[in-house]
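*Asks:* Right, I'll just put the structure down here and ask away after.
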Amino acid sequence: MLLEGKVAIVYGAGGPVGGAVSRAFALEGARVFLAGRSEAPLARLAAEIRAAGGAAVPAVVDALDERRVEELVGAVVERAGRLDVSFNLISLGDVQRPLAELSLEDFLRPVETAMRSHFLTARAAARHMVRQGPA
(Lines give C-alpha, C1' and ligand atoms only; values in the text may rest on other atoms or scores of the structure.)
Protein backbone atom coordinates (compact mmCIF):
# COMPACT_ATOMS: atom_id res chain seq x y z
CA MET A 1 0.00 0.00 0.00
CA LEU A 2 1.57 3.18 -1.27
CA LEU A 3 0.40 5.47 1.56
CA GLU A 4 0.52 3.07 4.51
CA GLY A 5 1.04 5.06 7.71
CA LYS A 6 0.73 8.43 5.95
CA VAL A 7 -1.59 11.27 6.93
CA ALA A 8 -3.38 13.35 4.29
CA ILE A 9 -5.66 16.36 4.27
CA VAL A 10 -7.90 16.67 1.21
CA TYR A 11 -9.49 20.10 0.80
CA GLY A 12 -12.67 20.00 -1.28
CA ALA A 13 -13.19 16.37 -0.28
CA GLY A 14 -16.96 16.73 -0.46
CA GLY A 15 -16.93 17.19 -4.23
CA PRO A 16 -16.79 14.38 -6.79
CA VAL A 17 -13.08 14.68 -7.58
CA GLY A 18 -12.08 15.35 -3.98
CA GLY A 19 -14.12 12.35 -2.89
CA ALA A 20 -12.43 10.12 -5.45
CA VAL A 21 -8.98 11.28 -4.37
CA SER A 22 -9.89 10.75 -0.71
CA ARG A 23 -11.13 7.21 -1.41
CA ALA A 24 -7.95 6.43 -3.37
CA PHE A 25 -5.72 7.76 -0.59
CA ALA A 26 -7.60 5.70 2.01
CA LEU A 27 -7.48 2.60 -0.19
CA GLU A 28 -3.71 3.01 -0.34
CA GLY A 29 -3.50 3.12 3.45
CA ALA A 30 -3.55 6.84 4.30
CA ARG A 31 -5.42 8.26 7.24
CA VAL A 32 -7.47 10.93 5.46
CA PHE A 33 -8.78 14.17 6.93
CA LEU A 34 -11.66 15.36 4.74
CA ALA A 35 -11.92 19.14 4.59
CA GLY A 36 -14.73 21.11 3.00
CA ARG A 37 -17.41 23.70 3.62
CA SER A 38 -20.42 21.38 3.80
CA GLU A 39 -20.76 18.87 6.62
CA ALA A 40 -23.18 16.37 5.05
CA PRO A 41 -21.06 15.24 2.07
CA LEU A 42 -17.97 15.01 4.27
CA ALA A 43 -19.80 12.86 6.83
CA ARG A 44 -21.14 10.56 4.09
CA LEU A 45 -17.69 10.17 2.56
CA ALA A 46 -16.06 9.50 5.93
CA ALA A 47 -18.66 6.81 6.68
CA GLU A 48 -18.10 5.25 3.25
CA ILE A 49 -14.31 5.18 3.70
CA ARG A 50 -14.62 3.72 7.21
CA ALA A 51 -17.08 1.07 5.99
CA ALA A 52 -14.48 0.00 3.42
CA GLY A 53 -11.89 -0.38 6.19
CA GLY A 54 -10.17 2.98 5.79
CA ALA A 55 -9.57 5.82 8.22
CA ALA A 56 -11.28 9.16 7.59
CA VAL A 57 -12.14 12.19 9.69
CA PRO A 58 -14.39 14.98 8.37
CA ALA A 59 -13.68 18.65 9.14
CA VAL A 60 -15.79 21.61 8.06
CA VAL A 61 -13.24 24.21 6.94
CA ASP A 62 -13.23 26.98 4.36
CA ALA A 63 -9.82 26.79 2.62
CA LEU A 64 -9.98 30.57 2.10
CA ASP A 65 -10.00 31.21 5.86
CA GLU A 66 -6.38 31.52 6.98
CA ARG A 67 -7.09 30.99 10.67
CA ARG A 68 -9.26 27.91 10.10
CA VAL A 69 -6.71 26.32 7.74
CA GLU A 70 -3.93 26.82 10.30
CA GLU A 71 -6.17 25.42 13.05
CA LEU A 72 -7.07 22.37 10.98
CA VAL A 73 -3.47 21.54 10.12
CA GLY A 74 -2.43 22.02 13.75
CA ALA A 75 -5.26 19.77 14.94
CA VAL A 76 -4.40 17.08 12.37
CA VAL A 77 -0.74 17.07 13.40
CA GLU A 78 -1.69 16.99 17.08
CA ARG A 79 -4.14 14.11 16.55
CA ALA A 80 -2.20 12.07 13.99
CA GLY A 81 1.35 13.04 14.91
CA ARG A 82 2.31 14.14 11.40
CA LEU A 83 1.15 15.40 8.01
CA ASP A 84 2.42 13.89 4.77
CA VAL A 85 0.00 15.06 2.07
CA SER A 86 -1.94 18.29 1.56
CA PHE A 87 -4.18 18.09 -1.52
CA ASN A 88 -6.35 21.04 -2.54
CA LEU A 89 -9.34 20.44 -4.82
CA ILE A 90 -11.67 23.23 -3.78
CA SER A 91 -14.15 24.68 -6.23
CA LEU A 92 -12.86 27.95 -7.62
CA GLY A 93 -16.24 29.57 -8.23
CA ASP A 94 -15.67 30.36 -11.87
CA VAL A 95 -18.43 32.07 -13.81
CA GLN A 96 -19.56 30.44 -17.04
CA ARG A 97 -20.45 33.31 -19.34
CA PRO A 98 -19.21 34.52 -22.73
CA LEU A 99 -16.03 36.59 -22.37
CA ALA A 100 -17.70 39.69 -23.80
CA GLU A 101 -20.27 39.56 -20.96
CA LEU A 102 -17.80 38.75 -18.17
CA SER A 103 -16.90 41.42 -15.63
CA LEU A 104 -13.32 41.84 -14.42
CA GLU A 105 -14.43 40.74 -10.94
CA ASP A 106 -15.99 37.54 -12.30
CA PHE A 107 -12.83 36.83 -14.29
CA LEU A 108 -10.51 37.40 -11.32
CA ARG A 109 -12.57 35.57 -8.67
CA PRO A 110 -11.41 32.01 -9.54
CA VAL A 111 -7.81 33.17 -10.00
CA GLU A 112 -7.79 34.85 -6.60
CA THR A 113 -9.59 31.91 -5.00
CA ALA A 114 -7.08 29.43 -6.41
CA MET A 115 -4.04 31.47 -5.43
CA ARG A 116 -5.30 32.22 -1.93
CA SER A 117 -6.44 28.70 -1.09
CA HIS A 118 -3.37 26.98 -2.53
CA PHE A 119 -1.05 29.39 -0.76
CA LEU A 120 -2.82 29.06 2.61
CA THR A 121 -3.11 25.26 2.55
CA ALA A 122 0.42 24.66 1.23
CA ARG A 123 2.02 27.11 3.67
CA ALA A 124 0.20 25.64 6.66
CA ALA A 125 1.27 22.12 5.66
CA ALA A 126 4.85 23.16 4.89
CA ARG A 127 5.32 24.65 8.35
CA HIS A 128 4.66 21.24 9.90
CA MET A 129 6.30 19.12 7.21
CA VAL A 130 9.59 21.00 7.47
CA ARG A 131 9.68 20.45 11.25
CA GLN A 132 8.87 16.75 11.01
CA GLY A 133 11.48 16.08 8.30
CA PRO A 134 11.41 13.34 5.65
CA ALA A 135 8.92 10.50 5.98
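Chain labels A, B, ... are given in the sequence in which chains occur in the C-alpha coordinates; within each chain residues are numbered consecutively from 1, and ligands are likewise numbered from 1 in the order shown.
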Enumerate as an NGL selection string all residues of region 70-135 of chain A assigned to helix (DSSP H, G or I) by DSSP on the backbone, naming them with the chain letters and numbers the document uses.

*Replies:* :A and (70-80 or 99-101 or 104-132)

*Asks:* Write out as a PDB file with N, CA and C atoms, in the first residue's frame the residues lying within 10 Å of region 29-44 of chain A, counting only C-alpha atoms and excluding same-chain residues fewer than 4 positions away.

*Replies:*
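Heads up, here's the output in part10.pdb:
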```pdb
ATOM      1  N   MET A   1       0.861  -1.180   0.000  1.00  0.00           N
ATOM      2  CA  MET A   1       0.000   0.000   0.000  1.00  0.00           C
ATOM      3  C   MET A   1       0.902   1.237   0.000  1.00  0.00           C
ATOM      4  N   LEU A   2       0.708   2.034  -0.995  1.00  0.00           N
ATOM      5  CA  LEU A   2       1.566   3.175  -1.266  1.00  0.00           C
ATOM      6  C   LEU A   2       1.596   4.208  -0.136  1.00  0.00           C
ATOM      7  N   LEU A   3       0.483   4.425   0.537  1.00  0.00           N
ATOM      8  CA  LEU A   3       0.398   5.475   1.558  1.00  0.00           C
ATOM      9  C   LEU A   3       0.237   4.923   2.973  1.00  0.00           C
ATOM     10  N   GLU A   4       0.611   3.706   3.190  1.00  0.00           N
ATOM     11  CA  GLU A   4       0.522   3.070   4.507  1.00  0.00           C
ATOM     12  C   GLU A   4       1.214   3.943   5.563  1.00  0.00           C
ATOM     13  N   GLY A   5       0.481   4.272   6.620  1.00  0.00           N
ATOM     14  CA  GLY A   5       1.039   5.061   7.710  1.00  0.00           C
ATOM     15  C   GLY A   5       1.136   6.551   7.437  1.00  0.00           C
ATOM     16  N   LYS A   6       0.676   7.007   6.303  1.00  0.00           N
ATOM     17  CA  LYS A   6       0.735   8.434   5.951  1.00  0.00           C
ATOM     18  C   LYS A   6      -0.553   9.135   6.364  1.00  0.00           C
ATOM     19  N   VAL A   7      -0.453  10.442   6.538  1.00  0.00           N
ATOM     20  CA  VAL A   7      -1.590  11.265   6.928  1.00  0.00           C
ATOM     21  C   VAL A   7      -1.813  12.313   5.846  1.00  0.00           C
ATOM     22  N   ALA A   8      -3.053  12.420   5.378  1.00  0.00           N
ATOM     23  CA  ALA A   8      -3.379  13.347   4.293  1.00  0.00           C
ATOM     24  C   ALA A   8      -4.567  14.220   4.670  1.00  0.00           C
ATOM     25  N   ILE A   9      -4.508  15.470   4.225  1.00  0.00           N
ATOM     26  CA  ILE A   9      -5.664  16.360   4.268  1.00  0.00           C
ATOM     27  C   ILE A   9      -6.075  16.583   2.824  1.00  0.00           C
ATOM     28  N   VAL A  10      -7.366  16.395   2.539  1.00  0.00           N
ATOM     29  CA  VAL A  10      -7.903  16.674   1.211  1.00  0.00           C
ATOM     30  C   VAL A  10      -8.917  17.797   1.355  1.00  0.00           C
ATOM     31  N   TYR A  11      -8.583  18.963   0.808  1.00  0.00           N
ATOM     32  CA  TYR A  11      -9.495  20.104   0.796  1.00  0.00           C
ATOM     33  C   TYR A  11     -10.413  19.963  -0.417  1.00  0.00           C
ATOM     34  N   GLY A  12     -11.698  20.208  -0.209  1.00  0.00           N
ATOM     35  CA  GLY A  12     -12.667  20.002  -1.283  1.00  0.00           C
ATOM     36  C   GLY A  12     -13.070  18.542  -1.389  1.00  0.00           C
ATOM     37  N   ALA A  13     -12.907  17.814  -0.288  1.00  0.00           N
ATOM     38  CA  ALA A  13     -13.188  16.372  -0.280  1.00  0.00           C
ATOM     39  C   ALA A  13     -14.650  16.051  -0.523  1.00  0.00           C
ATOM     40  N   GLY A  14     -15.541  16.983  -0.278  1.00  0.00           N
ATOM     41  CA  GLY A  14     -16.962  16.725  -0.461  1.00  0.00           C
ATOM     42  C   GLY A  14     -17.418  16.722  -1.903  1.00  0.00           C
ATOM     43  N   GLY A  15     -16.578  17.178  -2.809  1.00  0.00           N
ATOM     44  CA  GLY A  15     -16.930  17.186  -4.230  1.00  0.00           C
ATOM     45  C   GLY A  15     -16.593  15.854  -4.883  1.00  0.00           C
ATOM     46  N   PRO A  16     -17.021  15.668  -6.131  1.00  0.00           N
ATOM     47  CA  PRO A  16     -16.794  14.379  -6.794  1.00  0.00           C
ATOM     48  C   PRO A  16     -15.319  14.028  -6.978  1.00  0.00           C
ATOM     49  N   GLY A  18     -12.671  15.442  -5.310  1.00  0.00           N
ATOM     50  CA  GLY A  18     -12.083  15.354  -3.976  1.00  0.00           C
ATOM     51  C   GLY A  18     -12.456  14.063  -3.270  1.00  0.00           C
ATOM     52  N   GLY A  19     -13.687  13.624  -3.465  1.00  0.00           N
ATOM     53  CA  GLY A  19     -14.121  12.353  -2.887  1.00  0.00           C
ATOM     54  C   GLY A  19     -13.365  11.182  -3.479  1.00  0.00           C
ATOM     55  N   VAL A  21     -10.357  11.230  -4.855  1.00  0.00           N
ATOM     56  CA  VAL A  21      -8.975  11.285  -4.365  1.00  0.00           C
ATOM     57  C   VAL A  21      -8.914  10.773  -2.930  1.00  0.00           C
ATOM     58  N   SER A  22      -9.860  11.186  -2.108  1.00  0.00           N
ATOM     59  CA  SER A  22      -9.888  10.748  -0.707  1.00  0.00           C
ATOM     60  C   SER A  22     -10.051   9.235  -0.606  1.00  0.00           C
ATOM     61  N   ARG A  23     -10.940   8.670  -1.403  1.00  0.00           N
ATOM     62  CA  ARG A  23     -11.127   7.211  -1.412  1.00  0.00           C
ATOM     63  C   ARG A  23      -9.840   6.505  -1.840  1.00  0.00           C
ATOM     64  N   ALA A  24      -9.195   7.037  -2.872  1.00  0.00           N
ATOM     65  CA  ALA A  24      -7.954   6.432  -3.369  1.00  0.00           C
ATOM     66  C   ALA A  24      -6.859   6.502  -2.306  1.00  0.00           C
ATOM     67  N   PHE A  25      -6.725   7.638  -1.649  1.00  0.00           N
ATOM     68  CA  PHE A  25      -5.723   7.761  -0.588  1.00  0.00           C
ATOM     69  C   PHE A  25      -5.989   6.748   0.523  1.00  0.00           C
ATOM     70  N   GLU A  48     -18.387   6.169   4.355  1.00  0.00           N
ATOM     71  CA  GLU A  48     -18.103   5.249   3.251  1.00  0.00           C
ATOM     72  C   GLU A  48     -16.662   4.710   3.341  1.00  0.00           C
ATOM     73  N   ILE A  49     -15.717   5.597   3.592  1.00  0.00           N
ATOM     74  CA  ILE A  49     -14.313   5.176   3.703  1.00  0.00           C
ATOM     75  C   ILE A  49     -14.121   4.244   4.887  1.00  0.00           C
ATOM     76  N   ARG A  50     -14.733   4.577   6.017  1.00  0.00           N
ATOM     77  CA  ARG A  50     -14.617   3.716   7.206  1.00  0.00           C
ATOM     78  C   ARG A  50     -15.256   2.347   6.963  1.00  0.00           C
ATOM     79  N   GLY A  53     -13.077  -0.022   5.423  1.00  0.00           N
ATOM     80  CA  GLY A  53     -11.889  -0.379   6.192  1.00  0.00           C
ATOM     81  C   GLY A  53     -10.837   0.705   6.282  1.00  0.00           C
ATOM     82  N   GLY A  54     -11.132   1.888   5.746  1.00  0.00           N
ATOM     83  CA  GLY A  54     -10.171   2.984   5.788  1.00  0.00           C
ATOM     84  C   GLY A  54     -10.367   3.873   7.000  1.00  0.00           C
ATOM     85  N   ALA A  55      -9.506   4.863   7.114  1.00  0.00           N
ATOM     86  CA  ALA A  55      -9.568   5.823   8.218  1.00  0.00           C
ATOM     87  C   ALA A  55      -9.826   7.204   7.647  1.00  0.00           C
ATOM     88  N   ALA A  56     -10.920   7.833   8.085  1.00  0.00           N
ATOM     89  CA  ALA A  56     -11.279   9.156   7.585  1.00  0.00           C
ATOM     90  C   ALA A  56     -11.940   9.972   8.679  1.00  0.00           C
ATOM     91  N   VAL A  57     -11.591  11.259   8.708  1.00  0.00           N
ATOM     92  CA  VAL A  57     -12.140  12.188   9.689  1.00  0.00           C
ATOM     93  C   VAL A  57     -12.614  13.429   8.945  1.00  0.00           C
ATOM     94  N   PRO A  58     -13.908  13.780   9.047  1.00  0.00           N
ATOM     95  CA  PRO A  58     -14.393  14.984   8.368  1.00  0.00           C
ATOM     96  C   PRO A  58     -14.103  16.241   9.180  1.00  0.00           C
ATOM     97  N   ALA A  59     -13.896  17.365   8.480  1.00  0.00           N
ATOM     98  CA  ALA A  59     -13.680  18.653   9.137  1.00  0.00           C
ATOM     99  C   ALA A  59     -14.258  19.755   8.263  1.00  0.00           C
ATOM    100  N   VAL A  60     -15.196  20.503   8.803  1.00  0.00           N
ATOM    101  CA  VAL A  60     -15.786  21.614   8.063  1.00  0.00           C
ATOM    102  C   VAL A  60     -14.835  22.804   8.159  1.00  0.00           C
ATOM    103  N   VAL A  61     -14.246  23.144   7.010  1.00  0.00           N
ATOM    104  CA  VAL A  61     -13.244  24.214   6.939  1.00  0.00           C
ATOM    105  C   VAL A  61     -13.352  24.899   5.589  1.00  0.00           C
ATOM    106  N   ASP A  62     -13.304  26.209   5.596  1.00  0.00           N
ATOM    107  CA  ASP A  62     -13.233  26.981   4.363  1.00  0.00           C
ATOM    108  C   ASP A  62     -11.747  27.211   4.072  1.00  0.00           C
ATOM    109  N   ALA A  63     -11.249  26.695   2.955  1.00  0.00           N
ATOM    110  CA  ALA A  63      -9.819  26.794   2.616  1.00  0.00           C
ATOM    111  C   ALA A  63      -9.391  28.224   2.290  1.00  0.00           C
ATOM    112  N   VAL A  69      -7.659  27.245   8.376  1.00  0.00           N
ATOM    113  CA  VAL A  69      -6.709  26.321   7.742  1.00  0.00           C
ATOM    114  C   VAL A  69      -5.575  26.009   8.709  1.00  0.00           C
ATOM    115  N   LEU A  72      -6.871  23.737  11.453  1.00  0.00           N
ATOM    116  CA  LEU A  72      -7.069  22.367  10.985  1.00  0.00           C
ATOM    117  C   LEU A  72      -5.745  21.627  10.903  1.00  0.00           C
ATOM    118  N   VAL A  73      -4.761  22.217  10.264  1.00  0.00           N
ATOM    119  CA  VAL A  73      -3.473  21.541  10.121  1.00  0.00           C
ATOM    120  C   VAL A  73      -2.862  21.272  11.491  1.00  0.00           C
ATOM    121  N   VAL A  76      -4.746  18.344  13.026  1.00  0.00           N
ATOM    122  CA  VAL A  76      -4.401  17.078  12.368  1.00  0.00           C
ATOM    123  C   VAL A  76      -3.056  16.580  12.879  1.00  0.00           C
ATOM    124  N   ALA A  80      -2.805  13.173  14.747  1.00  0.00           N
ATOM    125  CA  ALA A  80      -2.200  12.073  13.989  1.00  0.00           C
ATOM    126  C   ALA A  80      -0.676  11.991  14.151  1.00  0.00           C
ATOM    127  N   LEU A  83       1.906  15.092   9.218  1.00  0.00           N
ATOM    128  CA  LEU A  83       1.150  15.397   8.012  1.00  0.00           C
ATOM    129  C   LEU A  83       2.070  15.121   6.832  1.00  0.00           C
ATOM    130  N   ASP A  84       1.603  14.285   5.915  1.00  0.00           N
ATOM    131  CA  ASP A  84       2.422  13.895   4.772  1.00  0.00           C
ATOM    132  C   ASP A  84       1.912  14.418   3.440  1.00  0.00           C
ATOM    133  N   VAL A  85       0.604  14.640   3.335  1.00  0.00           N
ATOM    134  CA  VAL A  85       0.002  15.058   2.065  1.00  0.00           C
ATOM    135  C   VAL A  85      -1.021  16.159   2.331  1.00  0.00           C
ATOM    136  N   SER A  86      -0.932  17.235   1.543  1.00  0.00           N
ATOM    137  CA  SER A  86      -1.937  18.286   1.562  1.00  0.00           C
ATOM    138  C   SER A  86      -2.395  18.447   0.119  1.00  0.00           C
ATOM    139  N   PHE A  87      -3.665  18.126  -0.152  1.00  0.00           N
ATOM    140  CA  PHE A  87      -4.183  18.086  -1.518  1.00  0.00           C
ATOM    141  C   PHE A  87      -5.379  19.011  -1.601  1.00  0.00           C
ATOM    142  N   ASN A  88      -5.320  20.010  -2.465  1.00  0.00           N
ATOM    143  CA  ASN A  88      -6.347  21.040  -2.543  1.00  0.00           C
ATOM    144  C   ASN A  88      -7.148  20.903  -3.829  1.00  0.00           C
ATOM    145  N   LEU A  89      -8.437  20.590  -3.682  1.00  0.00           N
ATOM    146  CA  LEU A  89      -9.339  20.438  -4.822  1.00  0.00           C
ATOM    147  C   LEU A  89     -10.586  21.298  -4.669  1.00  0.00           C
ATOM    148  N   ILE A  90     -10.466  22.439  -4.018  1.00  0.00           N
ATOM    149  CA  ILE A  90     -11.673  23.233  -3.778  1.00  0.00           C
ATOM    150  C   ILE A  90     -12.215  23.794  -5.083  1.00  0.00           C
ATOM    151  N   SER A  91     -13.504  24.041  -5.091  1.00  0.00           N
ATOM    152  CA  SER A  91     -14.152  24.679  -6.229  1.00  0.00           C
ATOM    153  C   SER A  91     -13.686  26.127  -6.286  1.00  0.00           C
TER     154      SER A  91
END
```

*Asks:* Return the single residue from A:Ala20, A:Glu28, A:Glu71, A:Ala122 that is closest to Leu45 (chain A), with distances computed using only C-alpha atoms.

*Replies:* A:Ala20

*Asks:* Please report the interatomic distance between CA of Arg116 (chain A) and CA of Leu104 (chain A) in Å with one decimal.

*Replies:* 17.7 Å

*Asks:* At what distance in Å, to one decimal, does CA of Arg82 (chain A) lie from CA of Gln132 (chain A)?

*Replies:* 7.1 Å

*Asks:* Give the answer as one residue: which of A:Leu99, A:Val130, A:Ala26, A:Leu64 has the shortest atom-to-atom distance to His118 (chain A), using only C-alpha atoms?

*Replies:*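 Checking each of A:Leu99, A:Val130, A:Ala26, A:Leu64 against His118 (chain A), counting only C-alpha atoms, the winner is A:Leu64.
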
*Asks:* Restricting the calculation to only C-alpha atoms, which member of A:Glu70, A:Glu105, A:Glu78, A:Asp94 is positioned closest to Thr121 (chain A)?

*Replies:*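 Between A:Glu70, A:Glu105, A:Glu78, A:Asp94, the residue approaching Thr121 (chain A) most closely is A:Glu70.
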
*Asks:* Go through chain A and collect every residue that DSSP, computed from the backbone, puts in strand (DSSP E or B); the answer should be as a VMD selection string.

*Replies:* chain A and resid 7 to 11 31 to 36 55 to 60 85 to 88

*Asks:* Write a file of the just-selected residues containing N, CA and C atoms, as a PDB file, in the first residue's frame.

*Replies:*
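Output below, filename selection-v4.pdb:
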```
ATOM      1  N   VAL A   7      -0.453  10.442   6.538  1.00  0.00           N
ATOM      2  CA  VAL A   7      -1.590  11.265   6.928  1.00  0.00           C
ATOM      3  C   VAL A   7      -1.813  12.313   5.846  1.00  0.00           C
ATOM      4  N   ALA A   8      -3.053  12.420   5.378  1.00  0.00           N
ATOM      5  CA  ALA A   8      -3.379  13.347   4.293  1.00  0.00           C
ATOM      6  C   ALA A   8      -4.567  14.220   4.670  1.00  0.00           C
ATOM      7  N   ILE A   9      -4.508  15.470   4.225  1.00  0.00           N
ATOM      8  CA  ILE A   9      -5.664  16.360   4.268  1.00  0.00           C
ATOM      9  C   ILE A   9      -6.075  16.583   2.824  1.00  0.00           C
ATOM     10  N   VAL A  10      -7.366  16.395   2.539  1.00  0.00           N
ATOM     11  CA  VAL A  10      -7.903  16.674   1.211  1.00  0.00           C
ATOM     12  C   VAL A  10      -8.917  17.797   1.355  1.00  0.00           C
ATOM     13  N   TYR A  11      -8.583  18.963   0.808  1.00  0.00           N
ATOM     14  CA  TYR A  11      -9.495  20.104   0.796  1.00  0.00           C
ATOM     15  C   TYR A  11     -10.413  19.963  -0.417  1.00  0.00           C
ATOM     16  N   ARG A  31      -4.399   7.731   6.346  1.00  0.00           N
ATOM     17  CA  ARG A  31      -5.423   8.264   7.244  1.00  0.00           C
ATOM     18  C   ARG A  31      -5.796   9.604   6.646  1.00  0.00           C
ATOM     19  N   VAL A  32      -7.064   9.773   6.239  1.00  0.00           N
ATOM     20  CA  VAL A  32      -7.472  10.935   5.458  1.00  0.00           C
ATOM     21  C   VAL A  32      -8.360  11.869   6.289  1.00  0.00           C
ATOM     22  N   PHE A  33      -7.977  13.125   6.308  1.00  0.00           N
ATOM     23  CA  PHE A  33      -8.785  14.169   6.925  1.00  0.00           C
ATOM     24  C   PHE A  33      -9.494  14.894   5.794  1.00  0.00           C
ATOM     25  N   LEU A  34     -10.815  14.854   5.817  1.00  0.00           N
ATOM     26  CA  LEU A  34     -11.658  15.355   4.739  1.00  0.00           C
ATOM     27  C   LEU A  34     -12.103  16.775   5.062  1.00  0.00           C
ATOM     28  N   ALA A  35     -11.598  17.747   4.326  1.00  0.00           N
ATOM     29  CA  ALA A  35     -11.918  19.144   4.592  1.00  0.00           C
ATOM     30  C   ALA A  35     -12.833  19.690   3.504  1.00  0.00           C
ATOM     31  N   GLY A  36     -13.802  20.475   3.938  1.00  0.00           N
ATOM     32  CA  GLY A  36     -14.726  21.114   3.003  1.00  0.00           C
ATOM     33  C   GLY A  36     -15.666  22.030   3.745  1.00  0.00           C
ATOM     34  N   ALA A  55      -9.506   4.863   7.114  1.00  0.00           N
ATOM     35  CA  ALA A  55      -9.568   5.823   8.218  1.00  0.00           C
ATOM     36  C   ALA A  55      -9.826   7.204   7.647  1.00  0.00           C
ATOM     37  N   ALA A  56     -10.920   7.833   8.085  1.00  0.00           N
ATOM     38  CA  ALA A  56     -11.279   9.156   7.585  1.00  0.00           C
ATOM     39  C   ALA A  56     -11.940   9.972   8.679  1.00  0.00           C
ATOM     40  N   VAL A  57     -11.591  11.259   8.708  1.00  0.00           N
ATOM     41  CA  VAL A  57     -12.140  12.188   9.689  1.00  0.00           C
ATOM     42  C   VAL A  57     -12.614  13.429   8.945  1.00  0.00           C
ATOM     43  N   PRO A  58     -13.908  13.780   9.047  1.00  0.00           N
ATOM     44  CA  PRO A  58     -14.393  14.984   8.368  1.00  0.00           C
ATOM     45  C   PRO A  58     -14.103  16.241   9.180  1.00  0.00           C
ATOM     46  N   ALA A  59     -13.896  17.365   8.480  1.00  0.00           N
ATOM     47  CA  ALA A  59     -13.680  18.653   9.137  1.00  0.00           C
ATOM     48  C   ALA A  59     -14.258  19.755   8.263  1.00  0.00           C
ATOM     49  N   VAL A  60     -15.196  20.503   8.803  1.00  0.00           N
ATOM     50  CA  VAL A  60     -15.786  21.614   8.063  1.00  0.00           C
ATOM     51  C   VAL A  60     -14.835  22.804   8.159  1.00  0.00           C
ATOM     52  N   VAL A  85       0.604  14.640   3.335  1.00  0.00           N
ATOM     53  CA  VAL A  85       0.002  15.058   2.065  1.00  0.00           C
ATOM     54  C   VAL A  85      -1.021  16.159   2.331  1.00  0.00           C
ATOM     55  N   SER A  86      -0.932  17.235   1.543  1.00  0.00           N
ATOM     56  CA  SER A  86      -1.937  18.286   1.562  1.00  0.00           C
ATOM     57  C   SER A  86      -2.395  18.447   0.119  1.00  0.00           C
ATOM     58  N   PHE A  87      -3.665  18.126  -0.152  1.00  0.00           N
ATOM     59  CA  PHE A  87      -4.183  18.086  -1.518  1.00  0.00           C
ATOM     60  C   PHE A  87      -5.379  19.011  -1.601  1.00  0.00           C
ATOM     61  N   ASN A  88      -5.320  20.010  -2.465  1.00  0.00           N
ATOM     62  CA  ASN A  88      -6.347  21.040  -2.543  1.00  0.00           C
ATOM     63  C   ASN A  88      -7.148  20.903  -3.829  1.00  0.00           C
TER      64      ASN A  88
END
```

*Asks:* Just give me the gap between CA of Ala114 (chain A) and CA of Val17 (chain A) in Å, one decimal is fine.

*Replies:* 16.0 Å

*Asks:* Of the residues A:Leu92, A:Arg68, A:Leu27, A:Gly74, which is the one nearest to Ala52 (chain A), using only C-alpha atoms?

*Replies:* A:Leu27
